[in-house]
Amino acid sequence: MVKLLDSGSFRKIVLAVVLLASVLSLAIAVVDDAGRIVNIPMPPRRVVSAAPSATRYLQALGLENRIIGVTAWDSYQKAENIGNMVPLNIEKIYSLRPDLVIMFGGFQFPEVEKLEKAKLTAYVLNANTLTDIIKAVGQLGAIFNVKEKADKLVNQLRQKMTEMGQKTSKIPLEKRPTVFFTITVPDDKVKELWTAGTGSYMNELIVIAGGRNIAAPYSGNNGWLSVSWEWLVKEDPDIIIIGAYGDPKQVEQAVKNHSIMKSLKAVKTGKVFIVDGSEVSQAAPHLFDYLEVFYNFFYGGK
């Protein structure tokens with residue numbers, strides 16, 4: 001004998017099926033920047049940002065209210081401090097019950113296995129180029145189910161690239177200033193300088209903004225490499241940009257007092273520019289603002 005369901009029970013079953021279908025429709029599988037397939041059953045509500053660059057993506061997409069943990073190196077301080085980027089405090093992260101942990105690749109990648117052993121879902125975000133950053137915005141938009149916001153941001157970033165590229169494309173090569181970028185603060189004890197060559201987002205920023213990166217013929221891990229003082233003297237660039245973490249005035253003074261740098265053309269002509277090292281070292285949407293900043297460095301805001 002078949003027992004018929006009453007109307008109330010039937011409605012509950014229908015509602016449960018609808019809710020299950022809704023949940024399944026929001027499930028997503030993505031390939032992160034480490035080439036890993038990451039299964040995310042629901043748009044994350046509780047996120048640990050294990051890298052400052054990851055936080056900047058979330059901020060750009062208006063998702064700050066989902067951040068429950070950040071590292072001690074993060075400028076965003078409205079979430080729980082989980083400590084260093086390496087090694088990650090897995091117990092601390094686990095205690096926060098995150099739906100997702102977003103992290104940087106590179107030196108932080110070995111931490112992924114530790115997170116997985118703790119049954120935590122990790123997503124590696126390691127953009128190297130401006131195009132990579134745009135791609136990451138789109139993927140995060142899908143992960144967090146904020147596609148409309150992500151599409152709007154992607155269009156804005158592409159527009160900034162296009163407009164600047166159109167502006168500088170008419171500048172002849174011989175009229176473009178030669179540029180050297182470094183994240184090494186000048187010191188007579190420092191033997192090598194870290195710079196950005198081909199394959200780095202910094203090289204793209206310089207080129208699109210109308211400069212000639214003197215390190216462009218070279219590359220390294222993610223496009224970054226070390227060069228000697230002798231090489232810098234030989235190239236003698238028109239403009240030097242330093243990504244500094246200290247007081248800009250102290251860095252400027254260190255440049256003027258440096259036994260080698262004080263003889264360079266850029267120093268003599270006052271064409272040394274100091275930018276926030278923390279900002280320019282994080283491959284995230286805010287970097288696109290530096291297209292205009294660099295253009296003003298190169299051409300005086302013309």
# chains A, B, ... in the order shown; residues from 1 in each chain; ligands from 1
>>> closest_atom_pairs(of="stretch 274-296 of chain A", to="stretch 244-255 of chain A", cutoff="8 Å", atoms="only C-alpha atoms", output="CSV")
residue,atom,partner,partner_atom,distance
A:Ile274,CA,A:Pro248,CA,6.2
A:Val275,CA,A:Ala244,CA,6.2
A:Asp276,CA,A:Ala244,CA,5.6
A:Gly277,CA,A:Ala244,CA,4.4
A:Ser278,CA,A:Tyr245,CA,6.5
>>> write_last_selection(atoms="all heavy atoms", output="short mmCIF file (atom, residue, chain, number, x, y, z; two decimals), in the first residue's frame")
data_model
loop_
_atom_site.label_atom_id
_atom_site.label_comp_id
_atom_site.auth_asym_id
_atom_site.auth_seq_id
_atom_site.Cartn_x
_atom_site.Cartn_y
_atom_site.Cartn_z
N ILE A 274 60.71 57.59 -5.96
CA ILE A 274 60.49 56.59 -4.93
C ILE A 274 59.01 56.23 -4.88
O ILE A 274 58.15 57.11 -4.80
CB ILE A 274 60.93 57.10 -3.53
CG1 ILE A 274 62.31 57.79 -3.61
CG2 ILE A 274 60.93 55.96 -2.53
CD1 ILE A 274 63.43 56.90 -4.06
N VAL A 275 58.71 54.94 -4.94
CA VAL A 275 57.33 54.47 -4.83
C VAL A 275 57.22 53.50 -3.66
O VAL A 275 58.23 53.02 -3.15
CB VAL A 275 56.85 53.79 -6.14
CG1 VAL A 275 56.80 54.80 -7.28
CG2 VAL A 275 57.74 52.61 -6.51
N ASP A 276 56.01 53.22 -3.25
CA ASP A 276 55.76 52.32 -2.13
C ASP A 276 56.13 50.88 -2.51
O ASP A 276 55.48 50.27 -3.35
CB ASP A 276 54.28 52.39 -1.75
CG ASP A 276 53.94 51.64 -0.47
OD1 ASP A 276 54.48 50.53 -0.28
OD2 ASP A 276 53.14 52.15 0.33
N GLY A 277 57.18 50.35 -1.89
CA GLY A 277 57.65 49.02 -2.22
C GLY A 277 56.62 47.94 -1.95
O GLY A 277 56.53 46.95 -2.68
N SER A 278 55.83 48.12 -0.90
CA SER A 278 54.81 47.13 -0.57
C SER A 278 53.75 47.07 -1.65
O SER A 278 53.32 45.99 -2.07
CB SER A 278 54.16 47.48 0.78
OG SER A 278 53.16 46.55 1.11
#
>>> select_by_dssp(residues="stretch 96-263 of chain A", states="alpha helix (DSSP H)", output="count of residues only")
68
>>> closest_residue(among="A:Tyr76, A:Phe180, A:Phe297, A:Trp194", to="A:Ala209", atoms="only C-alpha atoms")
A:Phe297
>>> closest_residue(among="A:Pro41, A:Gly300, A:Gly35, A:Gly243", to="A:Ile183", atoms="only C-alpha atoms")
A:Gly243
>>> closest_residue(among="A:Val154, A:Ala216, A:Ile93, A:Val30", to="A:Asp132", atoms="only C-alpha atoms")
A:Val154
>>> residues_around(residues="A:Val47", least_positions_apart="3", cutoff="6 Å", atoms="only C-alpha atoms", output="PDB file with C-alpha atoms, in the first residue's frame")
ATOM      1  CA  ARG A  66      34.415  37.996   4.074  1.00  0.00           C
ATOM      2  CA  ILE A  67      38.033  38.311   5.235  1.00  0.00           C
ATOM      3  CA  ILE A  68      38.434  36.702   8.657  1.00  0.00           C
ATOM      4  CA  PRO A  98      37.621  29.340   6.838  1.00  0.00           C
ATOM      5  CA  ASP A  99      35.797  28.208   3.709  1.00  0.00           C
ATOM      6  CA  LEU A 100      38.842  29.164   1.661  1.00  0.00           C
ATOM      7  CA  VAL A 101      42.493  30.147   2.171  1.00  0.00           C
TER       8      VAL A 101
END
>>> select_by_dssp(residues="stretch 178-262 of chain A", states="strand (DSSP E or B)", output="NGL selection string")
:A and (178-182 or 192-196 or 212-213 or 221 or 224-228 or 239-244)
>>> closest_residue(among="A:Glu80, A:Asp236, A:Glu174, A:Glu163", to="A:Leu291", atoms="only C-alpha atoms")
A:Glu163
>>> atom_distance(atom1="atom CA of A:Gly211", atom2="atom CA of A:Gly165")
11.4 Å
>>> residues_around(residues="A:Gly199", least_positions_apart="6", cutoff="10 Å", atoms="only C-alpha atoms", output="ChimeraX atom specification")
/A:128-129,216,218-224
>>> closest_atom_pairs(of="stretch 84-123 of chain A", to="stretch 55-61 of chain A", cutoff="12 Å", atoms="only C-alpha atoms", output="Markdown table")
| residue | atom | partner | partner_atom | distance |
| --- | --- | --- | --- | --- |
| A:Val101 | CA | A:Thr55 | CA | 11.0 |
| A:Ile102 | CA | A:Thr55 | CA | 8.6 |
| A:Met103 | CA | A:Thr55 | CA | 9.5 |
| A:Phe104 | CA | A:Thr55 | CA | 10.7 |
>>> write_last_selection(atoms="N, CA, C and O atoms", output="tab-separated table (two decimals), in the first residue's frame")
chain	number	residue	atom	x	y	z
A	101	VAL	N	41.24	29.44	1.85
A	101	VAL	CA	42.49	30.15	2.17
A	101	VAL	C	43.13	30.54	0.85
A	101	VAL	O	43.43	29.67	0.01
A	102	ILE	N	43.31	31.83	0.62
A	102	ILE	CA	43.94	32.30	-0.61
A	102	ILE	C	45.38	32.67	-0.30
A	102	ILE	O	45.66	33.39	0.66
A	103	MET	N	46.30	32.18	-1.12
A	103	MET	CA	47.71	32.39	-0.85
A	103	MET	C	48.49	32.68	-2.12
A	103	MET	O	48.01	32.50	-3.24
A	104	PHE	N	49.72	33.14	-1.92
A	104	PHE	CA	50.64	33.44	-3.01
A	104	PHE	C	51.35	32.14	-3.39
A	104	PHE	O	51.44	31.21	-2.59
>>> atom_distance(atom1="atom CA of A:Ala215", atom2="atom CA of A:Thr182")
10.3 Å
